Amino acid sequence: DNLILLDKVDSTNNYIKKHWNELPSETVVWALEQTEGYGRKNSRWYSPLGGLWFSVLFKPRKRPLIPYYYLRMYSLVIYNVLKKKYKLNPVIKWPNDILINSKKVCGILGESVYNGGSPGCVIVGVGINVNNELPEEVSNSSIALKDLVGKEIALRKLLNELNHVAYHSYYLKYFKPKAISAITKLWLNHLNVKIGDRVQVSTENDGTLYGKVNDIQSDYLEIIDDNGEIKKLNSGELIVL
Ligand code: BTN
């Protein structure tokens, strides 16, 4: 159906940014290799052959462009496929990474494109370490699926499974404005951190902070630190104590 397969591209998110106007909603752009894959905070996302690198285009007609809604939906899709089809034990690490055995197997990046007064689009970019080797600098914190299941996994099969679950279990049910809170509830259930947890967060600007989680939002965590001060964090390395 709406699948575009590219041998090599700078980034599948960039590809959609250029072409979203001509493409139908829910188009999936899959590249075997990306030369300039990127992640959150403009980090480089190493994307050699063997990994699953794709982006999904959403063109919400009536709803506002809220990337976090689609991001949460997609992290749930990946969570479910890894759990049910591959019998793995994933957790969603706030905000949207997927970890297994505390190591990152998947990163998700949401972007939106605004189009003046007319509706724009939301792009959900998914990077899953499948059969690829990992770069040195993340080899302690990340892992590839092949090393978890003990054999290589066909990329097309995995992508088909994800698309199938996305369409049949999520898009049909949740493309309704009222579904936002249902999605959020499911997402909170599978998240690695809960309200009330004691956490340690290392931030770039404020150093390392200890405190209790007071509120969880898609784009920030609210923490009451040990001095009783409320801190809103939108990035950082989070460890649940
Ligand atoms: C992160 O963990 O920071 C998010 C990583 C997202 C990587 C994917 S790979 C497919 C898509 N194209 C990109 O350039 N990035 C996303």
# chains A, B, ... in the order shown; residues from 1 in each chain; ligands from 1

$ residues_near_ligand --ligand "ligand 1" --cutoff "8 Å" --atoms "only C-alpha atoms and all ligand atoms" --output "ChimeraX atom specification"
/A:10-14,30-31,34,36-43,45,47,52-55,96-97,106-109,124-128

$ write_last_selection --atoms "N, CA, C and O atoms" --output "CSV table (one decimal), in the first residue's frame"
chain,number,residue,atom,x,y,z
A,10,ASP,N,19.2,10.6,2.8
A,10,ASP,CA,19.9,11.4,3.9
A,10,ASP,C,19.1,11.0,5.2
A,10,ASP,O,19.7,10.5,6.1
A,11,SER,N,17.8,11.2,5.2
A,11,SER,CA,17.0,10.8,6.4
A,11,SER,C,15.6,10.7,5.9
A,11,SER,O,15.1,11.5,5.1
A,12,THR,N,14.9,9.6,6.4
A,12,THR,CA,13.5,9.4,6.0
A,12,THR,C,12.6,10.5,6.5
A,12,THR,O,11.6,10.9,5.9
A,13,ASN,N,13.0,11.1,7.6
A,13,ASN,CA,12.2,12.3,8.1
A,13,ASN,C,12.3,13.4,7.1
A,13,ASN,O,11.4,14.1,6.8
A,14,ASN,N,13.6,13.7,6.6
A,14,ASN,CA,13.8,14.8,5.6
A,14,ASN,C,13.0,14.5,4.4
A,14,ASN,O,12.5,15.4,3.7
A,30,TRP,N,10.6,4.0,4.1
A,30,TRP,CA,11.6,3.1,4.7
A,30,TRP,C,12.9,3.2,3.9
A,30,TRP,O,12.9,3.1,2.6
A,31,ALA,N,14.0,3.3,4.5
A,31,ALA,CA,15.3,3.4,3.8
A,31,ALA,C,16.2,2.3,4.4
A,31,ALA,O,16.3,2.1,5.6
A,34,GLN,N,20.6,5.3,5.9
A,34,GLN,CA,20.5,6.7,5.9
A,34,GLN,C,21.9,7.3,6.1
A,34,GLN,O,22.7,6.8,6.9
A,36,GLU,N,22.4,10.7,6.8
A,36,GLU,CA,22.3,11.7,7.8
A,36,GLU,C,21.2,11.5,8.7
A,36,GLU,O,20.4,12.5,9.0
A,37,GLY,N,21.0,10.3,9.2
A,37,GLY,CA,19.9,10.1,10.2
A,37,GLY,C,20.2,10.9,11.4
A,37,GLY,O,21.3,11.1,11.8
A,38,TYR,N,19.1,11.4,12.0
A,38,TYR,CA,19.3,12.2,13.2
A,38,TYR,C,18.2,11.8,14.3
A,38,TYR,O,17.2,11.2,13.9
A,39,GLY,N,18.5,12.2,15.5
A,39,GLY,CA,17.6,11.9,16.6
A,39,GLY,C,17.2,13.1,17.3
A,39,GLY,O,17.4,14.2,16.8
A,40,ARG,N,16.7,12.9,18.5
A,40,ARG,CA,16.3,14.1,19.3
A,40,ARG,C,17.5,15.0,19.6
A,40,ARG,O,18.6,14.5,19.7
A,41,LYS,N,17.3,16.2,19.9
A,41,LYS,CA,18.3,17.2,20.2
A,41,LYS,C,19.4,17.2,19.1
A,41,LYS,O,20.6,17.4,19.4
A,42,ASN,N,19.0,17.0,17.9
A,42,ASN,CA,19.9,17.0,16.8
A,42,ASN,C,21.1,16.1,16.8
A,42,ASN,O,22.1,16.3,16.2
A,43,SER,N,20.9,15.0,17.6
A,43,SER,CA,22.0,14.1,17.7
A,43,SER,C,22.1,13.3,16.4
A,43,SER,O,21.1,13.2,15.6
A,45,TRP,N,22.1,9.9,14.3
A,45,TRP,CA,21.6,8.6,14.4
A,45,TRP,C,22.2,7.7,13.4
A,45,TRP,O,21.9,7.8,12.2
A,47,SER,N,22.9,5.0,11.0
A,47,SER,CA,21.9,4.2,10.3
A,47,SER,C,22.4,3.4,9.2
A,47,SER,O,22.1,3.6,8.0
A,52,LEU,N,16.3,-1.1,11.0
A,52,LEU,CA,15.1,-0.7,10.4
A,52,LEU,C,14.9,0.8,10.6
A,52,LEU,O,14.6,1.3,11.8
A,53,TRP,N,15.0,1.6,9.5
A,53,TRP,CA,14.9,3.0,9.6
A,53,TRP,C,13.7,3.5,8.8
A,53,TRP,O,13.7,3.3,7.6
A,54,PHE,N,12.7,4.0,9.4
A,54,PHE,CA,11.5,4.4,8.6
A,54,PHE,C,10.8,5.6,9.3
A,54,PHE,O,11.0,5.9,10.5
A,55,SER,N,10.0,6.3,8.5
A,55,SER,CA,9.2,7.4,9.0
A,55,SER,C,7.7,7.2,8.5
A,55,SER,O,7.5,6.7,7.5
A,96,ASN,N,10.1,8.5,24.7
A,96,ASN,CA,9.7,7.5,23.7
A,96,ASN,C,10.6,6.5,23.3
A,96,ASN,O,10.4,5.8,22.3
A,97,ASP,N,11.7,6.3,24.0
A,97,ASP,CA,12.6,5.2,23.6
A,97,ASP,C,12.0,3.9,24.0
A,97,ASP,O,11.3,3.8,25.0
A,106,CYS,N,15.3,1.0,20.4
A,106,CYS,CA,14.6,1.8,19.4
A,106,CYS,C,14.5,3.3,19.9
A,106,CYS,O,14.2,3.5,21.1
A,107,GLY,N,14.6,4.2,19.0
A,107,GLY,CA,14.4,5.6,19.2
A,107,GLY,C,13.3,6.1,18.3
A,107,GLY,O,13.2,5.7,17.2
A,108,ILE,N,12.5,7.0,18.8
A,108,ILE,CA,11.5,7.6,18.0
A,108,ILE,C,11.5,9.1,18.1
A,108,ILE,O,11.8,9.7,19.1
A,109,LEU,N,11.4,9.7,16.9
A,109,LEU,CA,11.5,11.1,16.8
A,109,LEU,C,10.3,11.7,16.1
A,109,LEU,O,9.9,11.3,15.1
A,124,VAL,N,6.6,10.8,12.2
A,124,VAL,CA,7.1,10.0,13.3
A,124,VAL,C,8.2,9.2,12.7
A,124,VAL,O,8.0,8.3,11.8
A,125,GLY,N,9.4,9.4,13.1
A,125,GLY,CA,10.6,8.7,12.6
A,125,GLY,C,11.0,7.6,13.6
A,125,GLY,O,11.1,7.8,14.8
A,126,VAL,N,11.2,6.4,13.1
A,126,VAL,CA,11.5,5.2,14.0
A,126,VAL,C,12.8,4.6,13.6
A,126,VAL,O,13.0,4.3,12.4
A,127,GLY,N,13.7,4.4,14.5
A,127,GLY,CA,14.9,3.7,14.3
A,127,GLY,C,15.0,2.5,15.2
A,127,GLY,O,15.0,2.7,16.4
A,128,ILE,N,15.1,1.3,14.6
A,128,ILE,CA,15.2,0.1,15.4
A,128,ILE,C,16.5,-0.6,15.1
A,128,ILE,O,16.8,-0.9,13.9

$ select_by_dssp --residues "segment 104-223 of chain A" --states "strand (DSSP E or B)" --output "MDAnalysis selection string"
chainID A and resid 104:115 118:128 142 191 198:203 207:216 221:223

$ closest_residue --among "A:Pro90, A:Gly110, A:Gly51, A:Pro24" --to "Tyr74 of chain A" --atoms "only C-alpha atoms"
A:Gly110

$ residues_around --residues "Trp187 of chain A" --least-positions-apart "6" --cutoff "12 Å" --atoms "only C-alpha atoms" --output "list in words"
Tyr68, Tyr69, Tyr70, Leu71, Arg72, Met73, Tyr74, Ser75, Leu76, Val77, Ile78, Tyr79, Asn80, Val91, Ile92, Lys93, Trp94, Pro95, Asn96, Asp97, Ile98, Ile180, Ser181, Val193, Lys194, Ile216, Gln217 and Ser218 of chain A

$ write_last_selection --atoms "N, CA and C atoms" --output "CSV table (one decimal), in the first residue's frame"
chain,number,residue,atom,x,y,z
A,68,TYR,N,3.1,14.5,19.9
A,68,TYR,CA,3.2,13.5,21.0
A,68,TYR,C,2.2,12.4,21.0
A,69,TYR,N,1.0,12.8,20.5
A,69,TYR,CA,-0.1,11.8,20.4
A,69,TYR,C,0.3,10.6,19.4
A,70,TYR,N,0.9,11.0,18.3
A,70,TYR,CA,1.3,10.0,17.3
A,70,TYR,C,2.6,9.2,17.8
A,71,LEU,N,3.4,9.9,18.5
A,71,LEU,CA,4.6,9.3,19.1
A,71,LEU,C,4.2,8.3,20.1
A,72,ARG,N,3.3,8.6,21.0
A,72,ARG,CA,2.9,7.6,22.0
A,72,ARG,C,2.2,6.4,21.3
A,73,MET,N,1.4,6.7,20.3
A,73,MET,CA,0.7,5.6,19.6
A,73,MET,C,1.8,4.7,19.0
A,74,TYR,N,2.8,5.3,18.4
A,74,TYR,CA,3.8,4.5,17.8
A,74,TYR,C,4.7,3.7,18.8
A,75,SER,N,5.0,4.4,19.9
A,75,SER,CA,5.8,3.6,20.9
A,75,SER,C,5.0,2.4,21.4
A,76,LEU,N,3.6,2.6,21.5
A,76,LEU,CA,2.8,1.4,21.9
A,76,LEU,C,2.8,0.3,20.9
A,77,VAL,N,2.7,0.7,19.6
A,77,VAL,CA,2.8,-0.3,18.5
A,77,VAL,C,4.0,-1.1,18.6
A,78,ILE,N,5.2,-0.4,18.8
A,78,ILE,CA,6.4,-1.1,18.8
A,78,ILE,C,6.5,-2.0,20.1
A,79,TYR,N,6.1,-1.4,21.2
A,79,TYR,CA,6.0,-2.2,22.4
A,79,TYR,C,5.3,-3.5,22.2
A,80,ASN,N,4.1,-3.4,21.7
A,80,ASN,CA,3.2,-4.6,21.5
A,80,ASN,C,3.8,-5.6,20.6
A,91,VAL,N,10.2,-1.9,27.7
A,91,VAL,CA,9.6,-0.8,28.5
A,91,VAL,C,9.8,0.4,27.7
A,92,ILE,N,8.8,1.3,27.8
A,92,ILE,CA,9.0,2.6,27.2
A,92,ILE,C,9.7,3.5,28.1
A,93,LYS,N,10.8,4.0,27.7
A,93,LYS,CA,11.6,5.0,28.5
A,93,LYS,C,11.1,6.4,28.1
A,94,TRP,N,10.8,7.1,29.1
A,94,TRP,CA,10.3,8.5,28.9
A,94,TRP,C,11.4,9.2,28.1
A,95,PRO,N,11.0,10.0,27.0
A,95,PRO,CA,9.6,10.1,26.5
A,95,PRO,C,9.2,9.0,25.6
A,96,ASN,N,10.1,8.5,24.7
A,96,ASN,CA,9.7,7.5,23.7
A,96,ASN,C,10.6,6.5,23.3
A,97,ASP,N,11.7,6.3,24.0
A,97,ASP,CA,12.6,5.2,23.6
A,97,ASP,C,12.0,3.9,24.0
A,98,ILE,N,12.5,2.8,23.3
A,98,ILE,CA,12.1,1.5,23.8
A,98,ILE,C,13.3,0.8,24.3
A,180,ILE,N,-7.2,10.6,22.7
A,180,ILE,CA,-5.9,11.1,23.2
A,180,ILE,C,-5.7,10.6,24.7
A,181,SER,N,-6.7,10.7,25.5
A,181,SER,CA,-6.5,10.3,26.9
A,181,SER,C,-6.4,8.8,27.0
A,193,VAL,N,8.8,5.0,34.2
A,193,VAL,CA,8.8,5.9,35.4
A,193,VAL,C,7.3,6.2,35.7
A,194,LYS,N,7.0,6.3,37.0
A,194,LYS,CA,5.6,6.5,37.4
A,194,LYS,C,5.6,7.8,38.3
A,216,ILE,N,3.9,13.8,34.8
A,216,ILE,CA,4.6,13.3,33.6
A,216,ILE,C,3.8,13.8,32.4
A,217,GLN,N,4.5,14.6,31.5
A,217,GLN,CA,3.9,15.1,30.3
A,217,GLN,C,4.8,14.6,29.2
A,218,SER,N,4.2,14.7,27.9
A,218,SER,CA,5.0,14.1,26.8
A,218,SER,C,6.3,14.9,26.6

$ closest_residue --among "A:Gly120, A:Glu26, A:Ile16, A:Asp206" --to "Leu172 of chain A" --atoms "only C-alpha atoms"
A:Glu26

$ select_by_dssp --residues "segment 13-203 of chain A" --states "alpha helix (DSSP H)" --output "ChimeraX atom specification"
/A:13-19,67-84,145-149,155-165,172-174,179-190

$ closest_residue --among "A:Lys212, A:Lys17, A:His164, A:Lys185" --to "Ile230 of chain A" --atoms "only C-alpha atoms"
A:Lys212

$ atom_distance --atom1 "atom CA of Glu22 of chain A" --atom2 "atom CA of Ile66 of chain A"
20.8 Å

$ closest_residue --among "A:Lys151, A:Lys231, A:Lys104, A:His190" --to "Leu134 of chain A" --atoms "only C-alpha atoms"
A:Lys104

$ residues_around --residues "Leu238 of chain A" --least-positions-apart "4" --cutoff "8 Å" --atoms "only C-alpha atoms" --output "ChimeraX atom specification"
/A:199-202

$ residues_around --residues "Glu137 of chain A" --least-positions-apart "3" --cutoff "12 Å" --atoms "only C-alpha atoms" --output "CSV table (one decimal) with N, CA, C and O atoms, in the first residue's frame"
chain,number,residue,atom,x,y,z
A,44,ARG,N,23.2,12.7,16.1
A,44,ARG,CA,23.4,11.9,14.9
A,44,ARG,C,22.8,10.5,15.2
A,44,ARG,O,23.0,10.0,16.3
A,45,TRP,N,22.1,9.9,14.3
A,45,TRP,CA,21.6,8.6,14.4
A,45,TRP,C,22.2,7.7,13.4
A,45,TRP,O,21.9,7.8,12.2
A,46,TYR,N,23.1,6.9,13.8
A,46,TYR,CA,23.9,6.0,13.0
A,46,TYR,C,23.0,5.0,12.3
A,46,TYR,O,22.3,4.3,13.0
A,133,GLU,N,25.3,-3.5,13.4
A,133,GLU,CA,26.2,-3.3,14.5
A,133,GLU,C,26.0,-1.9,15.1
A,133,GLU,O,25.5,-1.1,14.4
A,134,LEU,N,26.4,-1.8,16.3
A,134,LEU,CA,26.2,-0.5,17.0
A,134,LEU,C,27.5,0.3,17.0
A,134,LEU,O,28.6,-0.3,17.2
A,140,ASN,N,27.4,0.4,25.0
A,140,ASN,CA,27.1,0.0,26.4
A,140,ASN,C,25.6,0.3,26.7
A,140,ASN,O,25.1,-0.4,27.6
A,141,SER,N,25.0,1.2,26.0
A,141,SER,CA,23.7,1.7,26.4
A,141,SER,C,22.6,1.2,25.4
A,141,SER,O,21.5,1.3,25.7
A,142,SER,N,23.1,0.6,24.3
A,142,SER,CA,22.1,0.1,23.3
A,142,SER,C,22.3,-1.3,22.9
A,142,SER,O,23.4,-1.9,23.2
A,143,ILE,N,21.3,-1.9,22.3
A,143,ILE,CA,21.5,-3.3,21.9
A,143,ILE,C,20.6,-3.5,20.6
A,143,ILE,O,19.7,-2.8,20.4

$ residues_around --residues "Val122 of chain A" --least-positions-apart "5" --cutoff "8 Å" --atoms "only C-alpha atoms" --output "list in words"
Leu57, Phe58, Lys59, Pro60, Leu65, Ile66, Pro67, Tyr70, Gly110, Glu111, Ser112 and Val113 of chain A

$ write_last_selection --atoms "C-alpha atoms" --output "CSV table (one decimal), in the first residue's frame"
chain,number,residue,atom,x,y,z
A,57,LEU,CA,3.5,10.6,7.7
A,58,PHE,CA,0.3,11.7,9.4
A,59,LYS,CA,-1.9,14.4,8.0
A,60,PRO,CA,-4.5,15.0,10.6
A,65,LEU,CA,-0.8,18.9,15.0
A,66,ILE,CA,0.2,17.2,18.1
A,67,PRO,CA,3.3,15.0,17.5
A,70,TYR,CA,1.3,10.0,17.3
A,110,GLY,CA,8.4,13.3,16.2
A,111,GLU,CA,8.4,16.4,14.1
A,112,SER,CA,5.7,18.6,12.7
A,113,VAL,CA,5.6,20.7,9.6

$ closest_residue --among "A:Val28, A:Leu49, A:Val81, A:Val130" --to "Lys8 of chain A" --atoms "only C-alpha atoms"
A:Leu49

$ atom_distance --atom1 "atom CA of Leu88 of chain A" --atom2 "atom CA of Lys103 of chain A"
12.4 Å

$ atom_distance --atom1 "atom CA of Val240 of chain A" --atom2 "atom CA of Asn129 of chain A"
24.0 Å

$ closest_residue --among "A:Asn101, A:Cys121, A:Asn189, A:Ile153" --to "Leu23 of chain A" --atoms "only C-alpha atoms"
A:Cys121
